$ cat final_26.cif   # mmCIF, N, CA and C atoms
data_start
loop_
_atom_site.label_atom_id
_atom_site.label_comp_id
_atom_site.auth_asym_id
_atom_site.auth_seq_id
_atom_site.Cartn_x
_atom_site.Cartn_y
_atom_site.Cartn_z
N MET A 1 1.91 -1.72 15.46
CA MET A 1 1.99 -3.15 15.26
C MET A 1 3.43 -3.56 14.93
N TYR A 2 4.06 -2.86 13.99
CA TYR A 2 5.44 -3.17 13.60
C TYR A 2 6.40 -2.06 14.02
N THR A 3 5.92 -1.08 14.77
CA THR A 3 6.72 0.10 15.04
C THR A 3 8.13 -0.23 15.51
N SER A 4 8.27 -1.12 16.47
CA SER A 4 9.60 -1.42 17.00
C SER A 4 10.46 -2.24 16.04
N SER A 5 9.86 -2.94 15.11
CA SER A 5 10.63 -3.77 14.18
C SER A 5 10.58 -3.26 12.74
N ALA A 6 9.99 -2.10 12.51
CA ALA A 6 9.82 -1.58 11.15
C ALA A 6 11.14 -1.46 10.41
N ARG A 7 12.19 -1.09 11.12
CA ARG A 7 13.48 -0.90 10.45
C ARG A 7 14.07 -2.22 9.93
N PHE A 8 13.56 -3.35 10.43
CA PHE A 8 14.03 -4.67 9.98
C PHE A 8 13.11 -5.31 8.94
N TYR A 9 11.96 -4.69 8.71
CA TYR A 9 10.92 -5.29 7.87
C TYR A 9 11.44 -5.66 6.47
N ASP A 10 12.13 -4.73 5.82
CA ASP A 10 12.61 -5.00 4.47
C ASP A 10 13.62 -6.14 4.45
N ALA A 11 14.45 -6.24 5.46
CA ALA A 11 15.42 -7.34 5.53
C ALA A 11 14.71 -8.67 5.75
N ILE A 12 13.70 -8.67 6.61
CA ILE A 12 12.95 -9.90 6.88
C ILE A 12 12.25 -10.41 5.63
N TYR A 13 11.71 -9.50 4.84
CA TYR A 13 10.97 -9.88 3.63
C TYR A 13 11.80 -9.67 2.36
N SER A 14 13.11 -9.76 2.46
CA SER A 14 13.97 -9.55 1.30
C SER A 14 13.76 -10.62 0.22
N PHE A 15 13.15 -11.73 0.58
CA PHE A 15 12.88 -12.79 -0.40
C PHE A 15 11.75 -12.43 -1.36
N LYS A 16 10.93 -11.46 -0.99
CA LYS A 16 9.80 -11.08 -1.85
C LYS A 16 10.30 -10.34 -3.09
N ASP A 17 9.72 -10.66 -4.22
CA ASP A 17 10.07 -9.99 -5.47
C ASP A 17 9.05 -8.89 -5.73
N TYR A 18 9.25 -7.76 -5.07
CA TYR A 18 8.32 -6.64 -5.19
C TYR A 18 8.24 -6.13 -6.63
N ALA A 19 9.34 -6.14 -7.34
CA ALA A 19 9.33 -5.68 -8.73
C ALA A 19 8.41 -6.55 -9.58
N ALA A 20 8.51 -7.86 -9.42
CA ALA A 20 7.66 -8.77 -10.19
C ALA A 20 6.19 -8.62 -9.80
N GLU A 21 5.93 -8.49 -8.50
CA GLU A 21 4.55 -8.31 -8.04
C GLU A 21 3.96 -7.01 -8.58
N ALA A 22 4.74 -5.94 -8.55
CA ALA A 22 4.27 -4.65 -9.09
C ALA A 22 4.06 -4.76 -10.59
N GLY A 23 4.94 -5.48 -11.27
CA GLY A 23 4.78 -5.68 -12.71
C GLY A 23 3.51 -6.44 -13.05
N TRP A 24 3.23 -7.47 -12.28
CA TRP A 24 2.00 -8.25 -12.50
C TRP A 24 0.78 -7.39 -12.22
N LEU A 25 0.83 -6.60 -11.15
CA LEU A 25 -0.28 -5.70 -10.83
C LEU A 25 -0.49 -4.70 -11.95
N ARG A 26 0.58 -4.13 -12.45
CA ARG A 26 0.45 -3.16 -13.54
C ARG A 26 -0.15 -3.82 -14.78
N TYR A 27 0.26 -5.03 -15.07
CA TYR A 27 -0.33 -5.76 -16.20
C TYR A 27 -1.84 -5.91 -16.00
N LEU A 28 -2.26 -6.35 -14.82
CA LEU A 28 -3.69 -6.51 -14.54
C LEU A 28 -4.44 -5.19 -14.63
N LEU A 29 -3.87 -4.15 -14.06
CA LEU A 29 -4.53 -2.84 -14.10
C LEU A 29 -4.64 -2.32 -15.52
N THR A 30 -3.60 -2.52 -16.32
CA THR A 30 -3.64 -2.09 -17.72
C THR A 30 -4.71 -2.86 -18.48
N GLU A 31 -4.79 -4.15 -18.24
CA GLU A 31 -5.81 -4.98 -18.89
C GLU A 31 -7.23 -4.51 -18.54
N HIS A 32 -7.38 -3.90 -17.38
CA HIS A 32 -8.70 -3.44 -16.93
C HIS A 32 -8.86 -1.93 -17.05
N GLY A 33 -8.05 -1.32 -17.90
CA GLY A 33 -8.26 0.08 -18.24
C GLY A 33 -7.57 1.10 -17.36
N HIS A 34 -6.60 0.68 -16.58
CA HIS A 34 -5.89 1.62 -15.71
C HIS A 34 -4.38 1.53 -15.90
N PRO A 35 -3.89 1.92 -17.09
CA PRO A 35 -2.44 1.85 -17.32
C PRO A 35 -1.66 2.94 -16.60
N ASP A 36 -2.38 3.94 -16.08
CA ASP A 36 -1.76 5.05 -15.37
C ASP A 36 -2.82 5.70 -14.49
N GLY A 37 -2.53 6.83 -13.91
CA GLY A 37 -3.48 7.54 -13.05
C GLY A 37 -3.01 7.56 -11.61
N THR A 38 -3.96 7.77 -10.72
CA THR A 38 -3.63 7.84 -9.29
C THR A 38 -3.84 6.48 -8.65
N LEU A 39 -2.94 6.13 -7.72
CA LEU A 39 -2.99 4.83 -7.07
C LEU A 39 -2.71 5.00 -5.58
N LEU A 40 -3.57 4.45 -4.77
CA LEU A 40 -3.37 4.43 -3.32
C LEU A 40 -3.12 3.00 -2.89
N ASP A 41 -2.01 2.80 -2.17
CA ASP A 41 -1.69 1.50 -1.60
C ASP A 41 -2.05 1.54 -0.12
N VAL A 42 -3.12 0.84 0.24
CA VAL A 42 -3.59 0.76 1.62
C VAL A 42 -2.79 -0.32 2.34
N ALA A 43 -2.32 0.00 3.52
CA ALA A 43 -1.41 -0.87 4.27
C ALA A 43 -0.12 -1.03 3.48
N CYS A 44 0.44 0.09 3.08
CA CYS A 44 1.60 0.12 2.19
C CYS A 44 2.89 -0.33 2.85
N GLY A 45 2.91 -0.45 4.16
CA GLY A 45 4.13 -0.88 4.84
C GLY A 45 5.27 0.07 4.57
N THR A 46 6.39 -0.46 4.15
CA THR A 46 7.58 0.36 3.90
C THR A 46 7.64 0.91 2.48
N GLY A 47 6.58 0.74 1.72
CA GLY A 47 6.48 1.34 0.39
C GLY A 47 7.17 0.58 -0.73
N SER A 48 7.50 -0.67 -0.51
CA SER A 48 8.27 -1.41 -1.53
C SER A 48 7.51 -1.60 -2.84
N HIS A 49 6.20 -1.84 -2.78
CA HIS A 49 5.44 -1.93 -4.03
C HIS A 49 5.38 -0.56 -4.71
N LEU A 50 5.20 0.49 -3.93
CA LEU A 50 5.11 1.84 -4.49
C LEU A 50 6.41 2.24 -5.19
N PHE A 51 7.52 1.77 -4.66
CA PHE A 51 8.81 2.04 -5.28
C PHE A 51 8.80 1.62 -6.74
N HIS A 52 8.15 0.50 -7.05
CA HIS A 52 8.12 -0.03 -8.41
C HIS A 52 6.94 0.46 -9.22
N LEU A 53 5.96 1.06 -8.59
CA LEU A 53 4.77 1.54 -9.30
C LEU A 53 4.82 3.04 -9.59
N ARG A 54 5.70 3.76 -8.92
CA ARG A 54 5.69 5.22 -9.01
C ARG A 54 6.07 5.77 -10.38
N ASP A 55 6.72 4.98 -11.21
CA ASP A 55 7.04 5.45 -12.56
C ASP A 55 5.84 5.42 -13.49
N HIS A 56 4.79 4.73 -13.09
CA HIS A 56 3.62 4.56 -13.95
C HIS A 56 2.36 5.21 -13.38
N TYR A 57 2.35 5.44 -12.09
CA TYR A 57 1.17 5.99 -11.41
C TYR A 57 1.60 7.13 -10.50
N GLN A 58 0.66 8.00 -10.19
CA GLN A 58 0.85 9.00 -9.14
C GLN A 58 0.47 8.29 -7.85
N VAL A 59 1.45 7.83 -7.11
CA VAL A 59 1.21 6.94 -5.98
C VAL A 59 1.18 7.68 -4.65
N GLU A 60 0.39 7.11 -3.73
CA GLU A 60 0.37 7.52 -2.33
C GLU A 60 0.20 6.25 -1.52
N GLY A 61 0.59 6.32 -0.26
CA GLY A 61 0.47 5.16 0.61
C GLY A 61 -0.23 5.52 1.90
N LEU A 62 -0.85 4.51 2.49
CA LEU A 62 -1.52 4.66 3.78
C LEU A 62 -1.16 3.45 4.62
N ASP A 63 -0.85 3.69 5.88
CA ASP A 63 -0.58 2.58 6.79
C ASP A 63 -0.96 3.00 8.19
N LEU A 64 -1.28 2.02 9.01
CA LEU A 64 -1.66 2.24 10.39
C LEU A 64 -0.44 2.47 11.27
N ASP A 65 0.70 1.95 10.85
CA ASP A 65 1.88 1.93 11.70
C ASP A 65 2.84 3.07 11.36
N ARG A 66 3.08 3.93 12.33
CA ARG A 66 3.95 5.09 12.13
C ARG A 66 5.39 4.66 11.80
N GLY A 67 5.88 3.60 12.42
CA GLY A 67 7.24 3.14 12.14
C GLY A 67 7.42 2.69 10.70
N MET A 68 6.43 1.99 10.17
CA MET A 68 6.49 1.57 8.77
C MET A 68 6.48 2.79 7.86
N LEU A 69 5.66 3.77 8.20
CA LEU A 69 5.60 4.98 7.39
C LEU A 69 6.90 5.76 7.44
N ASP A 70 7.57 5.77 8.58
CA ASP A 70 8.87 6.44 8.68
C ASP A 70 9.86 5.82 7.71
N VAL A 71 9.89 4.49 7.64
CA VAL A 71 10.78 3.80 6.70
C VAL A 71 10.38 4.14 5.26
N ALA A 72 9.08 4.10 4.97
CA ALA A 72 8.59 4.40 3.62
C ALA A 72 8.95 5.82 3.21
N ARG A 73 8.82 6.75 4.13
CA ARG A 73 9.14 8.16 3.80
C ARG A 73 10.62 8.35 3.53
N ARG A 74 11.47 7.63 4.23
CA ARG A 74 12.91 7.72 3.96
C ARG A 74 13.23 7.09 2.60
N LYS A 75 12.55 6.01 2.28
CA LYS A 75 12.79 5.31 1.01
C LYS A 75 12.26 6.10 -0.18
N LEU A 76 11.11 6.74 0.02
CA LEU A 76 10.43 7.45 -1.07
C LEU A 76 10.04 8.86 -0.61
N PRO A 77 11.00 9.76 -0.49
CA PRO A 77 10.70 11.09 0.04
C PRO A 77 9.77 11.92 -0.85
N ASP A 78 9.64 11.55 -2.10
CA ASP A 78 8.79 12.29 -3.03
C ASP A 78 7.35 11.77 -3.05
N VAL A 79 7.03 10.76 -2.24
CA VAL A 79 5.69 10.17 -2.22
C VAL A 79 4.97 10.61 -0.95
N GLN A 80 3.68 10.89 -1.09
CA GLN A 80 2.88 11.28 0.06
C GLN A 80 2.36 10.03 0.78
N PHE A 81 2.57 9.99 2.08
CA PHE A 81 2.11 8.88 2.91
C PHE A 81 1.18 9.41 3.99
N HIS A 82 0.19 8.59 4.33
CA HIS A 82 -0.84 8.95 5.31
C HIS A 82 -0.90 7.88 6.39
N GLU A 83 -1.09 8.33 7.62
CA GLU A 83 -1.30 7.39 8.72
C GLU A 83 -2.80 7.21 8.90
N GLY A 84 -3.25 5.95 8.88
CA GLY A 84 -4.68 5.71 9.04
C GLY A 84 -5.02 4.24 9.01
N ASP A 85 -6.22 3.95 9.48
CA ASP A 85 -6.78 2.61 9.56
C ASP A 85 -7.57 2.32 8.29
N MET A 86 -7.36 1.17 7.69
CA MET A 86 -8.06 0.84 6.44
C MET A 86 -9.58 0.81 6.60
N GLN A 87 -10.05 0.66 7.81
CA GLN A 87 -11.50 0.61 8.03
C GLN A 87 -12.16 1.98 8.04
N GLU A 88 -11.38 3.04 8.26
CA GLU A 88 -12.03 4.34 8.47
C GLU A 88 -11.31 5.54 7.90
N PHE A 89 -10.24 5.35 7.15
CA PHE A 89 -9.53 6.51 6.61
C PHE A 89 -10.40 7.28 5.63
N ASN A 90 -10.15 8.57 5.52
CA ASN A 90 -10.82 9.41 4.53
C ASN A 90 -9.81 10.48 4.11
N LEU A 91 -9.30 10.37 2.91
CA LEU A 91 -8.32 11.32 2.42
C LEU A 91 -8.96 12.48 1.67
N GLY A 92 -10.29 12.47 1.60
CA GLY A 92 -11.01 13.59 1.00
C GLY A 92 -11.00 13.62 -0.51
N ARG A 93 -10.61 12.54 -1.13
CA ARG A 93 -10.62 12.46 -2.59
C ARG A 93 -10.64 11.00 -3.04
N ARG A 94 -10.85 10.83 -4.33
CA ARG A 94 -10.89 9.49 -4.90
C ARG A 94 -9.60 9.21 -5.66
N PHE A 95 -9.32 7.93 -5.87
CA PHE A 95 -8.15 7.48 -6.62
C PHE A 95 -8.65 6.61 -7.77
N ASP A 96 -7.87 6.56 -8.85
CA ASP A 96 -8.23 5.68 -9.96
C ASP A 96 -8.13 4.22 -9.55
N VAL A 97 -7.14 3.92 -8.71
CA VAL A 97 -6.89 2.56 -8.26
C VAL A 97 -6.59 2.58 -6.77
N VAL A 98 -7.21 1.66 -6.04
CA VAL A 98 -6.88 1.45 -4.62
C VAL A 98 -6.54 -0.02 -4.47
N VAL A 99 -5.36 -0.28 -3.92
CA VAL A 99 -4.91 -1.66 -3.72
C VAL A 99 -4.57 -1.88 -2.25
N CYS A 100 -4.64 -3.12 -1.85
CA CYS A 100 -4.20 -3.55 -0.52
C CYS A 100 -3.45 -4.86 -0.76
N LEU A 101 -2.13 -4.78 -0.75
CA LEU A 101 -1.29 -5.88 -1.19
C LEU A 101 -0.71 -6.65 0.00
N PHE A 102 -0.08 -7.75 -0.30
CA PHE A 102 0.55 -8.65 0.66
C PHE A 102 -0.54 -9.20 1.57
N SER A 103 -0.44 -9.11 2.87
CA SER A 103 -1.39 -9.83 3.73
C SER A 103 -2.12 -8.97 4.75
N ALA A 104 -2.05 -7.67 4.62
CA ALA A 104 -2.63 -6.78 5.64
C ALA A 104 -4.14 -6.98 5.80
N ILE A 105 -4.84 -7.26 4.73
CA ILE A 105 -6.29 -7.45 4.83
C ILE A 105 -6.62 -8.63 5.75
N GLY A 106 -5.67 -9.54 5.92
CA GLY A 106 -5.86 -10.69 6.80
C GLY A 106 -5.98 -10.33 8.27
N TYR A 107 -5.60 -9.11 8.63
CA TYR A 107 -5.76 -8.67 10.01
C TYR A 107 -7.22 -8.36 10.35
N MET A 108 -8.06 -8.33 9.34
CA MET A 108 -9.50 -8.19 9.58
C MET A 108 -10.01 -9.59 9.88
N ARG A 109 -10.17 -9.89 11.15
CA ARG A 109 -10.40 -11.27 11.59
C ARG A 109 -11.84 -11.76 11.51
N THR A 110 -12.76 -10.84 11.35
CA THR A 110 -14.16 -11.24 11.21
C THR A 110 -14.77 -10.49 10.02
N ALA A 111 -15.95 -10.88 9.66
CA ALA A 111 -16.60 -10.29 8.48
C ALA A 111 -16.88 -8.80 8.66
N ALA A 112 -17.25 -8.37 9.84
CA ALA A 112 -17.62 -6.96 10.03
C ALA A 112 -16.48 -6.00 9.72
N PRO A 113 -15.28 -6.18 10.31
CA PRO A 113 -14.21 -5.25 9.95
C PRO A 113 -13.74 -5.41 8.50
N LEU A 114 -13.80 -6.63 7.99
CA LEU A 114 -13.44 -6.84 6.59
C LEU A 114 -14.37 -6.06 5.68
N CYS A 115 -15.67 -6.14 5.94
CA CYS A 115 -16.64 -5.40 5.13
C CYS A 115 -16.44 -3.90 5.25
N ARG A 116 -16.13 -3.41 6.46
CA ARG A 116 -15.88 -1.97 6.64
C ARG A 116 -14.65 -1.54 5.84
N ALA A 117 -13.60 -2.34 5.89
CA ALA A 117 -12.37 -1.99 5.18
C ALA A 117 -12.60 -1.96 3.67
N VAL A 118 -13.24 -3.00 3.15
CA VAL A 118 -13.48 -3.06 1.70
C VAL A 118 -14.41 -1.93 1.26
N ALA A 119 -15.46 -1.69 2.02
CA ALA A 119 -16.39 -0.60 1.68
C ALA A 119 -15.67 0.76 1.73
N ASN A 120 -14.81 0.92 2.70
CA ASN A 120 -14.08 2.19 2.82
C ASN A 120 -13.12 2.37 1.65
N MET A 121 -12.42 1.32 1.26
CA MET A 121 -11.53 1.43 0.11
C MET A 121 -12.30 1.69 -1.17
N ALA A 122 -13.46 1.08 -1.31
CA ALA A 122 -14.28 1.28 -2.51
C ALA A 122 -14.84 2.70 -2.57
N ARG A 123 -15.09 3.27 -1.41
CA ARG A 123 -15.62 4.65 -1.35
C ARG A 123 -14.60 5.60 -1.96
#
$ encode --input "final_26.cif" --output "structure tokens"
Amino acid sequence: MYTSSARFYDAIYSFKDYAAEAGWLRYLLTEHGHPDGTLLDVACGTGSHLFHLRDHYQVEGLDLDRGMLDVARRKLPDVQFHEGDMQEFNLGRRFDVVVCLFSAIGYMRTAAPLCRAVANMAR
């Protein structure tokens, strides 16, 4: 989806305050009993949220787009990234927290794929 433009993604979205968003997420997670632990970011893109969450969580990322993952791996070489579809991935284990940030869930255009994606993340 973004493979050919992945290297420009961070520049295009440079206006986003990933640090503030990650801080707000951490506040919410702490309020709900998850101040630390394992965290999977589904549709992680170039890993910008994970960059700010990795000091508090054992983070991993998943994305459908290989180009985005290439950028994320260069940015965060110590983080494990997986290529997969949010509707059907199976990493063989559970996480304390699973998030899908920014707007990737919006690519689920009808209720059926949306339900599959949410059910899969909850699993």
$ residues_around --input "final_26.cif" --residues "A:Leu64" --least-positions-apart "5" --cutoff "6 Å" --atoms "only C-alpha atoms" --output "PyMOL selection string"
chain A and resi 83-85
$ resolve_selection --input "final_26.cif" --expression "the PyMOL selection byres ((chain A and resi 45) around 6.5)" --output "list in words"
Val42, Ala43, Cys44, Thr46, Gly47, Ser48, Leu62, Asp63, Met68, Leu69 and Ala72 of chain A
$ write_last_selection --input "final_26.cif" --atoms "N, CA and C atoms" --output "PDB file, in the frame of the given file"
ATOM      1  N   VAL A  42      -3.120   0.840   0.240  1.00  0.00           N
ATOM      2  CA  VAL A  42      -3.590   0.760   1.620  1.00  0.00           C
ATOM      3  C   VAL A  42      -2.790  -0.320   2.340  1.00  0.00           C
ATOM      4  N   ALA A  43      -2.320   0.000   3.520  1.00  0.00           N
ATOM      5  CA  ALA A  43      -1.410  -0.870   4.270  1.00  0.00           C
ATOM      6  C   ALA A  43      -0.120  -1.030   3.480  1.00  0.00           C
ATOM      7  N   CYS A  44       0.440   0.090   3.080  1.00  0.00           N
ATOM      8  CA  CYS A  44       1.600   0.120   2.190  1.00  0.00           C
ATOM      9  C   CYS A  44       2.890  -0.330   2.850  1.00  0.00           C
ATOM     10  N   THR A  46       6.390  -0.460   4.150  1.00  0.00           N
ATOM     11  CA  THR A  46       7.580   0.360   3.900  1.00  0.00           C
ATOM     12  C   THR A  46       7.640   0.910   2.480  1.00  0.00           C
ATOM     13  N   GLY A  47       6.580   0.740   1.720  1.00  0.00           N
ATOM     14  CA  GLY A  47       6.480   1.340   0.390  1.00  0.00           C
ATOM     15  C   GLY A  47       7.170   0.580  -0.730  1.00  0.00           C
ATOM     16  N   SER A  48       7.500  -0.670  -0.510  1.00  0.00           N
ATOM     17  CA  SER A  48       8.270  -1.410  -1.530  1.00  0.00           C
ATOM     18  C   SER A  48       7.510  -1.600  -2.840  1.00  0.00           C
ATOM     19  N   LEU A  62      -0.850   4.510   2.490  1.00  0.00           N
ATOM     20  CA  LEU A  62      -1.520   4.660   3.780  1.00  0.00           C
ATOM     21  C   LEU A  62      -1.160   3.450   4.620  1.00  0.00           C
ATOM     22  N   ASP A  63      -0.850   3.690   5.880  1.00  0.00           N
ATOM     23  CA  ASP A  63      -0.580   2.580   6.790  1.00  0.00           C
ATOM     24  C   ASP A  63      -0.960   3.000   8.190  1.00  0.00           C
ATOM     25  N   MET A  68       6.430   1.990  10.170  1.00  0.00           N
ATOM     26  CA  MET A  68       6.490   1.570   8.770  1.00  0.00           C
ATOM     27  C   MET A  68       6.480   2.790   7.860  1.00  0.00           C
ATOM     28  N   LEU A  69       5.660   3.770   8.200  1.00  0.00           N
ATOM     29  CA  LEU A  69       5.600   4.980   7.390  1.00  0.00           C
ATOM     30  C   LEU A  69       6.900   5.760   7.440  1.00  0.00           C
ATOM     31  N   ALA A  72       9.080   4.100   4.970  1.00  0.00           N
ATOM     32  CA  ALA A  72       8.590   4.400   3.620  1.00  0.00           C
ATOM     33  C   ALA A  72       8.950   5.820   3.210  1.00  0.00           C
TER      34      ALA A  72
END
$ atom_distance --input "final_26.cif" --atom1 "atom N of A:Val79" --atom2 "atom N of A:Ile105"
22.7 Å
$ select_by_dssp --input "final_26.cif" --residues "stretch 10-72 of chain A" --states "strand (DSSP E or B)" --output "list in words"
Thr38, Leu39, Leu40, Asp41, Val42, Gln58, Val59, Glu60, Gly61, Leu62 and Asp63 of chain A
$ resolve_selection --input "final_26.cif" --expression "the PyMOL selection byres (((chain A and resi 39 and name CA) around 12) and name CA)" --output "PyMOL selection string"
chain A and resi 25-26+29+34-38+40-42+44+49-50+53-62+79-81+93-100+121
$ closest_residue --input "final_26.cif" --among "A:Ala20, A:Val71, A:Gln87, A:Phe8" --to "A:Cys115" --atoms "only N, CA and C atoms"
A:Gln87
